[in-house]
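Undergrad: final.cif is the file, holding mmCIF, C-alpha atoms and all ligand atoms:
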data_target
loop_
_atom_site.label_atom_id
_atom_site.label_comp_id
_atom_site.auth_asym_id
_atom_site.auth_seq_id
_atom_site.Cartn_x
_atom_site.Cartn_y
_atom_site.Cartn_z
CA MET U 1 -8.33 20.70 32.76
CA ASN U 2 -8.65 18.58 35.91
CA GLN U 3 -7.95 14.94 35.11
CA ARG U 4 -11.40 13.89 36.41
CA VAL U 5 -14.19 15.41 34.35
CA LEU U 6 -17.92 15.27 34.92
CA LEU U 7 -19.89 16.07 31.77
CA GLU U 8 -23.57 16.72 32.39
CA VAL U 9 -25.74 16.46 29.28
CA GLY U 10 -29.39 16.35 28.20
CA GLY U 11 -29.21 12.93 26.55
CA LEU U 12 -26.68 10.13 26.30
CA ILE U 13 -26.05 7.49 23.65
CA GLU U 14 -24.07 4.93 25.64
CA THR U 15 -24.37 2.47 22.77
CA PRO U 16 -26.76 2.48 19.78
CA THR U 17 -29.14 0.34 21.83
CA SER U 18 -28.59 1.88 25.26
CA VAL U 19 -29.88 5.44 25.21
CA ILE U 20 -30.76 7.84 28.02
CA THR U 21 -33.18 10.53 26.91
CA GLY U 22 -33.01 13.38 29.43
CA PRO U 23 -30.50 14.52 32.07
CA SER U 24 -27.52 12.20 32.25
CA TYR U 25 -23.77 12.31 32.80
CA ILE U 26 -20.37 10.86 31.92
CA LEU U 27 -17.49 10.87 34.36
CA TRP U 28 -14.01 10.25 33.02
CA ASN U 29 -10.59 10.08 34.61
CA GLN U 30 -7.80 11.15 32.24
CA SER U 31 -8.72 9.25 29.05
CA THR U 32 -10.98 6.54 30.47
CA ILE U 33 -14.69 6.65 31.29
CA GLU U 34 -15.32 5.70 34.92
CA GLU U 35 -19.07 5.98 35.10
CA THR U 36 -22.16 7.03 33.15
CA GLY U 37 -25.71 7.37 34.35
CA ALA U 38 -29.16 8.92 34.19
CA GLY U 39 -30.14 11.99 36.23
CA GLU U 40 -27.70 13.87 38.47
CA TYR U 41 -24.31 12.51 39.51
CA LEU U 42 -24.67 11.82 43.22
CA GLY U 43 -20.99 11.26 44.08
CA ASP U 44 -18.46 13.71 45.51
CA ARG U 45 -17.94 16.64 43.11
CA SER U 46 -15.24 18.46 45.05
CA LEU U 47 -12.28 17.35 42.93
CA LEU U 48 -14.08 17.25 39.58
CA THR U 49 -14.04 19.62 36.63
CA VAL U 50 -17.75 19.92 35.90
CA ILE U 51 -18.90 20.75 32.37
CA ARG U 52 -22.65 21.40 32.34
CA ARG U 53 -24.25 21.03 28.90
CA ARG U 54 -27.88 20.12 29.47
CA ASN U 55 -28.74 21.31 25.94
CA ARG U 56 -26.42 18.75 24.34
CA ILE U 57 -26.56 15.03 23.56
CA ALA U 58 -23.40 12.99 24.07
CA MET U 59 -22.64 10.21 21.62
CA PRO U 60 -19.55 8.06 20.95
CA GLY U 61 -17.10 9.52 18.45
CA LEU U 62 -17.53 8.31 14.87
CA VAL U 63 -14.91 6.00 13.36
CA ASN U 64 -14.01 6.61 9.71
CA THR U 65 -12.67 3.22 8.64
CA HIS U 66 -11.27 4.15 5.23
CA GLY U 67 -9.66 7.20 3.71
CA HIS U 68 -6.70 9.09 2.33
CA ALA U 69 -6.65 12.21 4.48
CA ALA U 70 -4.38 14.46 2.42
CA MET U 71 -6.56 13.93 -0.65
CA THR U 72 -8.45 16.96 0.65
CA LEU U 73 -5.87 18.68 -1.57
CA PHE U 74 -7.64 17.21 -4.63
CA ARG U 75 -11.26 17.82 -3.65
CA SER U 76 -13.18 18.67 -6.85
CA ALA U 77 -10.04 18.27 -8.99
CA GLY U 78 -11.40 15.27 -10.92
CA ASP U 79 -15.08 14.53 -10.72
CA ASP U 80 -17.50 12.43 -12.77
CA VAL U 81 -15.09 9.80 -14.07
CA PRO U 82 -14.83 6.09 -13.15
CA LEU U 83 -12.16 4.81 -10.76
CA GLU U 84 -9.55 3.58 -13.23
CA LYS U 85 -9.68 6.74 -15.35
CA TRP U 86 -9.90 8.91 -12.24
CA LEU U 87 -6.73 7.37 -10.79
CA LYS U 88 -4.68 7.27 -14.00
CA GLU U 89 -5.71 10.54 -15.62
CA LYS U 90 -6.69 12.80 -12.74
CA ILE U 91 -5.18 11.68 -9.44
CA TYR U 92 -1.78 10.09 -10.20
CA PRO U 93 -0.59 13.18 -12.15
CA LEU U 94 -1.54 15.32 -9.16
CA GLU U 95 0.01 12.91 -6.65
CA ARG U 96 3.32 13.05 -8.56
CA GLN U 97 3.46 16.72 -7.52
CA LEU U 98 2.95 16.02 -3.82
CA THR U 99 5.49 17.24 -1.31
CA LYS U 100 5.89 16.52 2.38
CA GLU U 101 4.57 19.98 3.14
CA ALA U 102 1.47 19.46 0.97
CA VAL U 103 0.62 16.19 2.73
CA TYR U 104 1.09 17.81 6.14
CA TRP U 105 -1.34 20.65 5.37
CA GLY U 106 -3.76 18.39 3.47
CA THR U 107 -3.94 16.16 6.55
CA GLN U 108 -4.42 19.16 8.84
CA LEU U 109 -7.38 20.16 6.66
CA ALA U 110 -8.77 16.62 6.89
CA CYS U 111 -8.38 16.63 10.70
CA TRP U 112 -10.21 19.96 10.87
CA GLU U 113 -13.05 18.61 8.74
CA MET U 114 -13.27 15.26 10.54
CA LEU U 115 -13.07 16.55 14.10
CA THR U 116 -15.68 19.24 13.58
CA SER U 117 -18.04 16.69 12.02
CA GLY U 118 -17.77 14.24 14.92
CA THR U 119 -15.10 11.81 13.75
CA THR U 120 -12.69 10.96 16.56
CA CYS U 121 -10.81 8.09 14.89
CA PHE U 122 -9.88 7.50 11.25
CA THR U 123 -7.66 5.32 9.11
CA ASP U 124 -5.23 6.70 6.58
CA MET U 125 -3.31 5.16 3.71
CA TYR U 126 -1.13 7.58 1.81
CA PHE U 127 2.27 8.98 0.85
CA TYR U 128 4.61 10.90 3.20
CA MET U 129 2.85 9.30 6.16
CA ASN U 130 5.33 10.83 8.59
CA GLU U 131 3.81 14.22 7.75
CA SER U 132 0.26 12.89 8.22
CA ALA U 133 1.27 11.42 11.55
CA ARG U 134 2.64 14.81 12.65
CA ALA U 135 -0.64 16.48 11.72
CA VAL U 136 -2.66 13.78 13.51
CA HIS U 137 -0.48 14.06 16.59
CA GLU U 138 -0.93 17.83 16.73
CA SER U 139 -4.67 17.80 16.06
CA GLY U 140 -5.53 15.43 18.90
CA ILE U 141 -7.54 13.06 16.69
CA ARG U 142 -7.06 9.30 16.83
CA GLY U 143 -5.40 7.84 13.72
CA VAL U 144 -4.67 4.38 12.35
CA LEU U 145 -1.98 5.16 9.83
CA SER U 146 -0.49 3.20 6.92
CA ILE U 147 2.12 4.05 4.36
CA GLY U 148 0.40 3.32 1.03
CA LEU U 149 2.44 0.57 -0.64
CA LEU U 150 2.70 0.39 -4.43
CA GLY U 151 4.88 -2.36 -5.86
CA PHE U 152 5.45 -1.36 -9.49
CA THR U 153 9.24 -1.89 -9.23
CA GLU U 154 11.52 -3.90 -6.93
CA GLU U 155 13.02 -0.66 -5.69
CA MET U 156 9.57 0.65 -4.70
CA GLN U 157 8.84 -2.62 -2.90
CA LYS U 158 12.09 -2.58 -0.93
CA GLN U 159 11.69 1.06 0.01
CA GLY U 160 8.04 0.59 0.97
CA LEU U 161 8.85 -2.26 3.36
CA ALA U 162 11.73 -0.37 4.95
CA ASP U 163 9.64 2.81 5.32
CA SER U 164 6.74 0.88 6.83
CA LYS U 165 9.06 -0.65 9.42
CA SER U 166 10.49 2.68 10.46
CA HIS U 167 7.01 4.26 10.43
CA TYR U 168 5.96 1.55 12.88
CA GLU U 169 9.01 2.17 15.06
CA THR U 170 8.41 5.92 15.16
CA TRP U 171 4.64 6.15 15.44
CA HIS U 172 2.99 2.97 16.74
CA GLY U 173 1.48 3.87 20.12
CA ALA U 174 2.48 7.56 19.88
CA GLY U 175 0.33 10.32 21.35
CA GLU U 176 -0.37 8.18 24.42
CA GLY U 177 -1.81 5.47 22.18
CA ARG U 178 -3.87 7.77 19.93
CA ILE U 179 -1.77 6.77 16.93
CA SER U 180 -1.46 3.21 15.75
CA VAL U 181 0.04 1.77 12.59
CA MET U 182 -1.11 -0.74 9.99
CA LEU U 183 0.59 -1.95 6.84
CA GLY U 184 -1.03 -0.55 3.70
CA PRO U 185 -0.69 -2.59 0.50
CA HIS U 186 -2.75 -0.46 -1.89
CA ALA U 187 -4.49 -3.21 -3.91
CA PRO U 188 -3.84 -6.53 -5.67
CA TYR U 189 -3.57 -4.65 -8.98
CA THR U 190 -0.73 -2.44 -7.72
CA CYS U 191 1.04 -4.96 -5.46
CA PRO U 192 2.22 -8.13 -7.22
CA PRO U 193 1.79 -11.47 -5.37
CA ALA U 194 5.45 -11.75 -4.30
CA PHE U 195 5.26 -8.28 -2.75
CA LEU U 196 2.00 -9.12 -0.98
CA LEU U 197 3.76 -12.14 0.52
CA GLN U 198 6.56 -9.96 1.84
CA ILE U 199 4.07 -7.50 3.34
CA THR U 200 2.22 -10.39 4.98
CA GLU U 201 5.50 -11.61 6.50
CA LEU U 202 6.24 -8.14 7.82
CA SER U 203 2.74 -7.97 9.28
CA GLN U 204 3.50 -11.16 11.18
CA LEU U 205 6.92 -9.95 12.29
CA LEU U 206 5.65 -6.60 13.59
CA ASP U 207 2.28 -7.97 14.72
CA LEU U 208 0.43 -5.36 12.65
CA PRO U 209 -2.85 -5.61 10.74
CA MET U 210 -3.01 -4.72 7.05
CA GLN U 211 -5.48 -2.59 5.11
CA ILE U 212 -6.02 -3.00 1.38
CA HIS U 213 -8.52 -2.00 -1.35
CA LEU U 214 -10.33 -5.15 -2.53
CA SER U 215 -12.92 -5.82 -5.25
CA GLU U 216 -13.90 -2.20 -5.71
CA THR U 217 -14.97 -2.35 -9.37
CA ALA U 218 -16.26 -4.96 -11.79
CA TYR U 219 -13.22 -4.22 -13.97
CA GLU U 220 -10.83 -5.04 -11.10
CA VAL U 221 -12.53 -8.40 -10.52
CA ALA U 222 -12.60 -9.28 -14.23
CA GLU U 223 -8.90 -8.44 -14.56
CA SER U 224 -8.10 -10.55 -11.50
CA TYR U 225 -9.85 -13.57 -13.06
CA ARG U 226 -8.00 -12.92 -16.34
CA GLN U 227 -4.57 -12.65 -14.70
CA HIS U 228 -4.85 -14.99 -11.70
CA GLY U 229 -7.87 -17.19 -12.43
CA THR U 230 -9.59 -16.04 -9.24
CA SER U 231 -11.19 -13.00 -7.60
CA PRO U 232 -9.09 -10.44 -5.68
CA ILE U 233 -10.35 -12.01 -2.43
CA GLY U 234 -9.64 -15.52 -3.73
CA LEU U 235 -6.12 -14.36 -4.57
CA MET U 236 -5.61 -12.91 -1.07
CA HIS U 237 -6.77 -16.22 0.37
CA SER U 238 -4.45 -18.31 -1.80
CA LEU U 239 -1.49 -16.11 -0.85
CA GLY U 240 -2.25 -16.49 2.87
CA VAL U 241 -2.86 -12.76 3.31
CA LEU U 242 -6.20 -13.47 5.00
CA ASN U 243 -4.46 -15.47 7.73
CA ARG U 244 -3.36 -12.13 9.12
CA PRO U 245 -5.73 -9.43 10.48
CA VAL U 246 -7.02 -7.56 7.40
CA LEU U 247 -9.20 -4.51 6.87
CA ALA U 248 -10.54 -4.63 3.31
CA ALA U 249 -11.84 -1.40 1.78
CA HIS U 250 -14.88 -1.49 -0.52
CA CYS U 251 -15.70 -5.18 -1.29
CA VAL U 252 -18.35 -4.01 -3.76
CA HIS U 253 -18.13 -6.83 -6.29
CA VAL U 254 -18.06 -9.90 -4.07
CA ASP U 255 -19.78 -13.23 -4.68
CA ASP U 256 -20.92 -15.81 -2.13
CA LYS U 257 -17.53 -17.52 -2.12
CA ASP U 258 -15.76 -14.22 -1.46
CA ILE U 259 -18.16 -13.47 1.39
CA SER U 260 -17.55 -16.90 2.93
CA LEU U 261 -13.79 -16.34 2.75
CA LEU U 262 -14.07 -12.89 4.35
CA ALA U 263 -16.27 -14.29 7.14
CA ALA U 264 -14.14 -17.39 7.75
CA HIS U 265 -11.01 -15.24 8.15
CA ASP U 266 -12.73 -12.52 10.19
CA VAL U 267 -11.69 -9.92 7.61
CA ARG U 268 -13.05 -6.49 8.56
CA VAL U 269 -14.69 -4.49 5.78
CA ALA U 270 -14.80 -0.72 5.28
CA HIS U 271 -18.06 0.14 3.52
CA ASN U 272 -17.74 3.42 1.59
CA PRO U 273 -21.15 3.97 -0.01
CA GLN U 274 -20.70 7.60 -1.08
CA SER U 275 -17.34 7.10 -2.80
CA ASN U 276 -18.59 3.91 -4.50
CA LEU U 277 -21.62 5.77 -5.83
CA LYS U 278 -19.70 8.81 -7.00
CA LEU U 279 -17.07 6.78 -8.86
CA GLY U 280 -19.85 4.67 -10.35
CA SER U 281 -18.29 1.53 -8.86
CA GLY U 282 -21.51 0.02 -7.54
CA ILE U 283 -23.15 -0.78 -4.23
CA ALA U 284 -21.53 -3.24 -1.82
CA PRO U 285 -23.82 -6.04 -0.54
CA ALA U 286 -23.53 -4.69 2.98
CA VAL U 287 -26.57 -6.49 4.34
CA LYS U 288 -25.44 -9.85 2.98
CA MET U 289 -21.94 -9.34 4.42
CA ARG U 290 -23.35 -8.37 7.82
CA GLN U 291 -25.64 -11.40 7.77
CA ALA U 292 -22.58 -13.56 7.10
CA GLY U 293 -21.13 -12.23 10.36
CA ILE U 294 -18.57 -9.86 8.83
CA THR U 295 -17.67 -6.73 10.82
CA LEU U 296 -18.52 -3.74 8.62
CA GLY U 297 -17.44 -0.22 9.45
CA LEU U 298 -18.24 2.91 7.48
CA GLY U 299 -15.76 5.10 5.63
CA THR U 300 -15.67 8.17 3.48
CA ASP U 301 -12.64 7.26 1.34
CA GLY U 302 -10.68 10.35 0.28
CA ALA U 303 -12.16 13.81 -0.21
CA ALA U 304 -11.39 13.58 -3.94
CA SER U 305 -13.90 10.78 -4.45
CA ASN U 306 -16.55 11.60 -1.84
CA ASN U 307 -16.17 14.76 -1.82
CA ASN U 308 -16.21 15.41 1.92
CA LEU U 309 -15.22 13.60 5.11
CA ASP U 310 -18.62 13.85 6.77
CA MET U 311 -19.52 10.58 8.50
CA PHE U 312 -23.08 11.79 9.18
CA GLU U 313 -23.66 11.53 5.43
CA GLU U 314 -22.26 7.98 5.34
CA LEU U 315 -24.42 7.02 8.30
CA ARG U 316 -27.57 8.22 6.62
CA LEU U 317 -26.59 6.73 3.27
CA ALA U 318 -25.81 3.34 4.80
CA ALA U 319 -29.17 3.34 6.55
CA THR U 320 -31.17 4.34 3.46
CA LEU U 321 -29.32 3.03 0.40
CA HIS U 322 -29.74 -0.66 1.19
CA LYS U 323 -33.42 -0.22 1.99
CA GLY U 324 -33.88 1.05 -1.56
CA VAL U 325 -31.70 -1.58 -3.22
CA LEU U 326 -33.35 -4.48 -1.39
CA GLN U 327 -36.81 -2.89 -1.25
CA ASP U 328 -36.76 -3.64 2.45
CA ALA U 329 -37.26 -0.85 4.99
CA THR U 330 -35.66 -3.01 7.70
CA ALA U 331 -32.44 -3.66 5.70
CA ILE U 332 -30.16 -1.54 7.93
CA THR U 333 -31.96 0.14 10.84
CA ALA U 334 -30.89 3.40 12.50
CA PRO U 335 -29.28 1.64 15.51
CA GLU U 336 -27.51 -0.76 13.13
CA ALA U 337 -26.12 2.11 11.06
CA LEU U 338 -24.91 3.89 14.20
CA GLU U 339 -23.40 0.64 15.40
CA MET U 340 -21.46 0.39 12.11
CA ALA U 341 -20.13 3.93 12.55
CA THR U 342 -19.03 3.38 16.15
CA VAL U 343 -18.75 -0.12 17.69
CA SER U 344 -18.10 -2.03 14.45
CA GLY U 345 -15.90 0.80 13.21
CA ALA U 346 -13.65 0.48 16.26
CA ARG U 347 -13.48 -3.30 15.74
CA ALA U 348 -12.89 -2.88 12.00
CA VAL U 349 -9.77 -0.78 12.52
CA PHE U 350 -8.40 -3.19 15.14
CA ARG U 351 -8.44 -0.29 17.51
CA PRO U 352 -6.06 -1.05 20.33
CA THR U 353 -8.08 1.09 22.76
CA GLY U 354 -11.78 1.75 22.99
CA ASP U 355 -14.80 -0.12 21.79
CA GLY U 356 -16.84 2.71 20.23
CA THR U 357 -19.16 3.06 23.22
CA LEU U 358 -19.63 5.53 26.06
CA THR U 359 -19.59 3.00 28.87
CA ALA U 360 -17.36 2.46 31.91
CA GLY U 361 -13.88 1.35 30.82
CA ALA U 362 -14.14 2.81 27.29
CA VAL U 363 -11.95 5.69 26.17
CA ALA U 364 -13.56 9.12 26.45
CA ASP U 365 -14.03 9.86 22.73
CA VAL U 366 -17.17 11.94 23.07
CA VAL U 367 -19.14 14.02 20.59
CA LEU U 368 -21.71 16.59 21.71
CA LEU U 369 -24.67 17.42 19.48
CA ASN U 370 -26.91 20.46 19.80
CA LEU U 371 -30.19 19.31 21.25
CA GLU U 372 -31.60 22.75 20.37
CA SER U 373 -31.06 22.18 16.65
CA PRO U 374 -34.34 22.03 14.68
CA ARG U 375 -33.22 18.59 13.52
CA PHE U 376 -33.64 17.27 17.07
CA LEU U 377 -37.23 18.43 17.47
CA PRO U 378 -39.14 16.47 18.61
CA THR U 379 -37.07 13.77 20.30
CA TYR U 380 -39.12 10.59 20.13
CA ASP U 381 -36.01 8.67 19.21
CA LEU U 382 -32.52 10.15 19.61
CA VAL U 383 -30.78 7.48 17.50
CA SER U 384 -33.26 8.04 14.68
CA ASN U 385 -32.63 11.80 14.92
CA ILE U 386 -28.87 11.24 14.71
CA VAL U 387 -29.01 8.88 11.73
CA TYR U 388 -31.86 10.28 9.64
CA SER U 389 -32.00 13.99 10.41
CA ALA U 390 -28.87 15.32 12.12
CA SER U 391 -26.01 16.86 10.21
CA ALA U 392 -22.39 17.66 10.93
CA GLU U 393 -23.50 21.22 11.69
CA ASP U 394 -25.10 19.91 14.87
CA VAL U 395 -21.70 18.91 16.30
CA THR U 396 -20.69 21.47 18.91
CA ASP U 397 -17.92 19.92 21.02
CA VAL U 398 -15.61 16.94 20.72
CA PHE U 399 -13.30 15.19 23.18
CA VAL U 400 -10.70 12.60 22.21
CA ALA U 401 -9.12 10.55 24.99
CA GLY U 402 -10.81 12.96 27.39
CA GLN U 403 -9.15 16.03 25.85
CA GLU U 404 -11.24 18.83 24.37
CA VAL U 405 -10.43 19.15 20.65
CA VAL U 406 -13.51 21.03 19.38
CA ARG U 407 -15.26 23.80 21.30
CA LYS U 408 -18.40 25.50 20.01
CA GLY U 409 -17.83 24.02 16.56
CA GLU U 410 -14.23 25.22 16.25
CA PRO U 411 -11.07 23.12 16.60
CA VAL U 412 -9.04 24.10 19.64
CA THR U 413 -5.87 22.35 18.49
CA LEU U 414 -5.65 23.61 14.90
CA ASP U 415 -4.95 27.01 13.38
CA THR U 416 -7.71 27.14 10.78
CA GLU U 417 -6.61 30.46 9.26
CA GLN U 418 -3.14 29.02 8.70
CA ILE U 419 -4.59 25.84 7.17
CA ARG U 420 -6.74 27.90 4.80
CA TYR U 421 -3.75 30.01 3.76
CA GLN U 422 -1.46 27.01 3.22
CA ILE U 423 -4.03 24.98 1.28
CA GLU U 424 -4.71 27.89 -1.07
CA ARG U 425 -0.99 28.54 -1.54
CA ILE U 426 -0.10 24.88 -2.18
CA THR U 427 -2.99 23.97 -4.46
CA ARG U 428 -2.51 27.10 -6.59
CA ASN U 429 0.77 25.58 -7.82
CA PHE U 430 -0.61 22.16 -8.82
CA GLU U 431 -0.70 21.55 -12.56
CA ARG U 432 -3.97 19.94 -13.62
CA LYS U 433 -4.75 18.17 -16.87
C1 LIG C 1 -0.62 4.32 -2.31
S1 LIG C 1 -1.40 5.52 -1.36
C2 LIG C 1 -3.12 5.27 -1.66
C3 LIG C 1 -3.50 5.42 -3.09
O1 LIG C 1 -4.88 5.08 -3.20
C4 LIG C 1 -5.46 5.92 -4.12
N1 LIG C 1 -6.92 5.89 -3.95
C5 LIG C 1 -7.73 6.81 -3.46
N2 LIG C 1 -9.01 6.38 -3.49
C6 LIG C 1 -8.96 5.15 -4.02
C7 LIG C 1 -9.95 4.19 -4.31
O2 LIG C 1 -11.23 4.40 -4.07
N3 LIG C 1 -9.57 3.03 -4.85
C8 LIG C 1 -8.27 2.79 -5.13
N4 LIG C 1 -7.29 3.66 -4.89
C9 LIG C 1 -7.64 4.83 -4.34
C10 LIG C 1 -4.82 7.24 -3.86
O3 LIG C 1 -5.03 8.15 -4.88
C11 LIG C 1 -3.38 6.82 -3.66
O4 LIG C 1 -2.72 6.76 -4.91
ZN ZN C 2 -9.29 4.22 -0.72
#
As a first step, turn the structure in this file into structure tokens.
Ligand SMILES: CSC[C@H]1O[C@@H](n2cnc3c(O)ncnc32)[C@H](O)[C@@H]1O
Ligand SMILES: [Zn+2]
TA:
Amino acid sequence: MNQRVLLEVGGLIETPTSVITGPSYILWNQSTIEETGAGEYLGDRSLLTVIRRRNRIAMPGLVNTHGHAAMTLFRSAGDDVPLEKWLKEKIYPLERQLTKEAVYWGTQLACWEMLTSGTTCFTDMYFYMNESARAVHESGIRGVLSIGLLGFTEEMQKQGLADSKSHYETWHGAGEGRISVMLGPHAPYTCPPAFLLQITELSQLLDLPMQIHLSETAYEVAESYRQHGTSPIGLMHSLGVLNRPVLAAHCVHVDDKDISLLAAHDVRVAHNPQSNLKLGSGIAPAVKMRQAGITLGLGTDGAASNNNLDMFEELRLAATLHKGVLQDATAITAPEALEMATVSGARAVFRPTGDGTLTAGAVADVVLLNLESPRFLPTYDLVSNIVYSASAEDVTDVFVAGQEVVRKGEPVTLDTEQIRYQIERITRNFERK
């Protein structure tokens, strides 16, 4: 494809509050948007690759701010149990059987699912992260990747730090900047304080943000008070972890003091409403956190607790759930939900490139939706249609960094028949309790 691309569409979401309904265009050069506008492009077309899609809407790619990609391997393998039991009795026994190959194919499956449902950037925290990074690199998606750090023994801690360093050296900035690296301490209940201090030091040394699960369940918070005399967030503060850039997943059971600490340290929060509901963990006070000035992105968490990687479902849930909880129909509006899934998502993952918009200077991470879908009729309000009525099925084409990665609903970079074959072969051999 020519490096300068003119995409002509029938509607354009530049940002959740800047929308062109009707003929419009985006012009990008390599990976960067040069210009967007309403109507016809009036400049010189002679050296452009023109893609005419007047029956499509262009929107910024969705950012999935929390997940464990290769957990697609465990979708439906342990449902209807609470987090602690789910991890100990269902997931850890399966994860002990993981191989490099399994993680590679599990991540390929996740990339297939995410790209075709409009996600152009995601975070990952898991095992065998080199394999995930390979899959991400090949798929063309944007990934913010962390080796999941568990500190049950000194040996595990030492190995985890060394692996994280070499993961950074190998992958940070790879794929022309599509891949970036974070450090991934799993949680305060799996990483003892001394280990968290070492990870924080490494974060400083390598200038990398950290992502960590915090205050997901009432049990976790109660145990933290019992063992440390403070909440998980209070503990992170007292250890100095929050002095570094942190992305905290969940933050369901947070009190006013926790929220003040998160806000004061500009901690970014990944809100995962579907996973929190399914594991029976609770509902994060998303509105209160947003009002405190905290950047909240949306995430699916892994496919074993969600049970899919569809950000359209999270969008709709974020926009409706809090209205019900607070009995306030203005709690999170459609533009606010879309902002969480794009602009705030990009900020939440400390994305080195791109701001989650389709405006001049942003990276060309573009999702096309089918304007001819029944869910877009009529079109009084395109953002409302996207948040409250659209589904992943309406995604037709996706570009990441200006490169086409989904065409007519199918990934162009992935061999889906091969993924299907490998996933069936690998999962057949897992022993389940
Ligand atoms: C050390 S790699 C990541 C680790 O996290 C586990 N995990 C998946 N979902 C959750 C969740 O919602 N809370 C806490 N931990 C979770 C995953 O199974 C891996 O063991
Ligand atoms: Zn998680």
Undergrad: As a PyMOL selection string, please: every protein or nucleic acid residue near ligand ZN 2 (chain C) (cut-off 9 Å, counting all atoms listed in the file).
TA: chain U and resi 66-68+124-125+186+212-213+249-250+272+275+300-302+305
Undergrad: Take the residues just selected and output them with C-alpha atoms as a short mmCIF file (atom, residue, chain, number, x, y, z; two decimals), keeping the file's coordinate frame.
TA:
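Once written, again_1.cif looks like this:
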data_model
loop_
_atom_site.label_atom_id
_atom_site.label_comp_id
_atom_site.auth_asym_id
_atom_site.auth_seq_id
_atom_site.Cartn_x
_atom_site.Cartn_y
_atom_site.Cartn_z
CA HIS U 66 -11.27 4.15 5.23
CA GLY U 67 -9.66 7.20 3.71
CA HIS U 68 -6.70 9.09 2.33
CA ASP U 124 -5.23 6.70 6.58
CA MET U 125 -3.31 5.16 3.71
CA HIS U 186 -2.75 -0.46 -1.89
CA ILE U 212 -6.02 -3.00 1.38
CA HIS U 213 -8.52 -2.00 -1.35
CA ALA U 249 -11.84 -1.40 1.78
CA HIS U 250 -14.88 -1.49 -0.52
CA ASN U 272 -17.74 3.42 1.59
CA SER U 275 -17.34 7.10 -2.80
CA THR U 300 -15.67 8.17 3.48
CA ASP U 301 -12.64 7.26 1.34
CA GLY U 302 -10.68 10.35 0.28
CA SER U 305 -13.90 10.78 -4.45
#
Undergrad: In Å to one decimal, how far is atom CA of Val269 of chain U from atom CA of Asp381 of chain U?
TA: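 Value for the atom CA of Asp381 of chain U-atom CA of Val269 of chain U distance: 28.4 Å.
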Undergrad: Between U:Asn276, U:Ser391, U:Gln204, U:Thr123, which residue has the minimum interatomic distance to ligand LIG 1 (chain C), considering all atoms listed in the file?
TA: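 Among the listed residues, the smallest separation from ligand LIG 1 (chain C) belongs to U:Asn276.
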Undergrad: Can you tell me, as a compact mmCIF listing (two decimals) with C-alpha atoms, in the coordinates of the input, what residues are no more than 8 Å from Gln3 of chain U when counting only C-alpha atoms, ignoring any on the same chain fewer than 2 positions away?
TA:
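Generated output (result-v7.txt):
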# COMPACT_ATOMS: atom_id res chain seq x y z
CA MET U 1 -8.33 20.70 32.76
CA VAL U 5 -14.19 15.41 34.35
CA TRP U 28 -14.01 10.25 33.02
CA ASN U 29 -10.59 10.08 34.61
CA GLN U 30 -7.80 11.15 32.24
CA LEU U 48 -14.08 17.25 39.58
CA THR U 49 -14.04 19.62 36.63
Undergrad: Which is closer to Thr333 of chain U than all the others in U:Thr17, U:Ser203, U:Asn64, U:Thr36, using all atoms listed in the file?
TA: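 Among the listed residues, the smallest separation from Thr333 of chain U belongs to U:Thr17.
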Undergrad: One number please: atom CA of Gly293 of chain U to atom CA of Gly345 of chain U, in Å, one decimal.
TA: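 Answer for the atom CA of Gly293 of chain U to atom CA of Gly345 of chain U separation: 14.3 Å.
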Undergrad: Kindly compute an axis-aligned box around the listed atoms of segment 49-58 of chain U, allowing 6 Å on each side, and express its centre and edge lengths in Å to one decimal as AutoDock Vina command-line options.
TA:
--center_x -21.4 --center_y 17.2 --center_z 30.1 --size_x 26.7 --size_y 20.4 --size_z 25.1
Undergrad: Using only C-alpha atoms and all ligand atoms, which residue out of U:Gly402, U:Gly173, U:Gly151, U:Pro23 lies closest to ligand LIG 1 (chain C)?
TA: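 Residue with the minimum atom-to-atom distance to ligand LIG 1 (chain C): U:Gly151.
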Undergrad: Counting only C-alpha atoms, what is within 12 Å of Ile332 of chain U, bar same-chain residues fewer than 4 positions away, as a PyMOL selection string?
TA: chain U and resi 285-291+296+315-328+336-340+387
Undergrad: Rounded to one decimal, what separation in Å do you get between atom CA of Leu87 of chain U and atom CA of His271 of chain U?
TA: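 Calculated distance between atom CA of Leu87 of chain U and atom CA of His271 of chain U is 19.6 Å.
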Undergrad: Neighbours of Lys165 of chain U within 9 Å (all atoms listed in the file; same-chain residues fewer than 6 positions away dropped), as an NGL selection string?
TA: :U and (183 or 202 or 206)
Undergrad: Thr427 of chain U: which residues within 10 Å, counting only C-alpha atoms, same-chain residues fewer than 2 positions away excluded, as a ChimeraX atom specification?
TA: /U:73-74,94,98,102,106,422-425,429-431
Undergrad: Using only C-alpha atoms, which residues sit within 12 Å of Tyr219 of chain U once same-chain residues fewer than 2 positions away are excluded, as a short mmCIF file (atom, residue, chain, number, x, y, z; two decimals) with C-alpha atoms, in the frame of the given file?
TA:
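Result file follows (result38.cif):
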data_model
loop_
_atom_site.label_atom_id
_atom_site.label_comp_id
_atom_site.auth_asym_id
_atom_site.auth_seq_id
_atom_site.Cartn_x
_atom_site.Cartn_y
_atom_site.Cartn_z
CA PRO U 82 -14.83 6.09 -13.15
CA LEU U 83 -12.16 4.81 -10.76
CA GLU U 84 -9.55 3.58 -13.23
CA LYS U 85 -9.68 6.74 -15.35
CA TYR U 189 -3.57 -4.65 -8.98
CA LEU U 214 -10.33 -5.15 -2.53
CA SER U 215 -12.92 -5.82 -5.25
CA GLU U 216 -13.90 -2.20 -5.71
CA THR U 217 -14.97 -2.35 -9.37
CA VAL U 221 -12.53 -8.40 -10.52
CA ALA U 222 -12.60 -9.28 -14.23
CA GLU U 223 -8.90 -8.44 -14.56
CA SER U 224 -8.10 -10.55 -11.50
CA TYR U 225 -9.85 -13.57 -13.06
CA ARG U 226 -8.00 -12.92 -16.34
CA SER U 231 -11.19 -13.00 -7.60
CA PRO U 232 -9.09 -10.44 -5.68
CA VAL U 252 -18.35 -4.01 -3.76
CA HIS U 253 -18.13 -6.83 -6.29
CA GLY U 280 -19.85 4.67 -10.35
CA SER U 281 -18.29 1.53 -8.86
CA GLY U 282 -21.51 0.02 -7.54
#
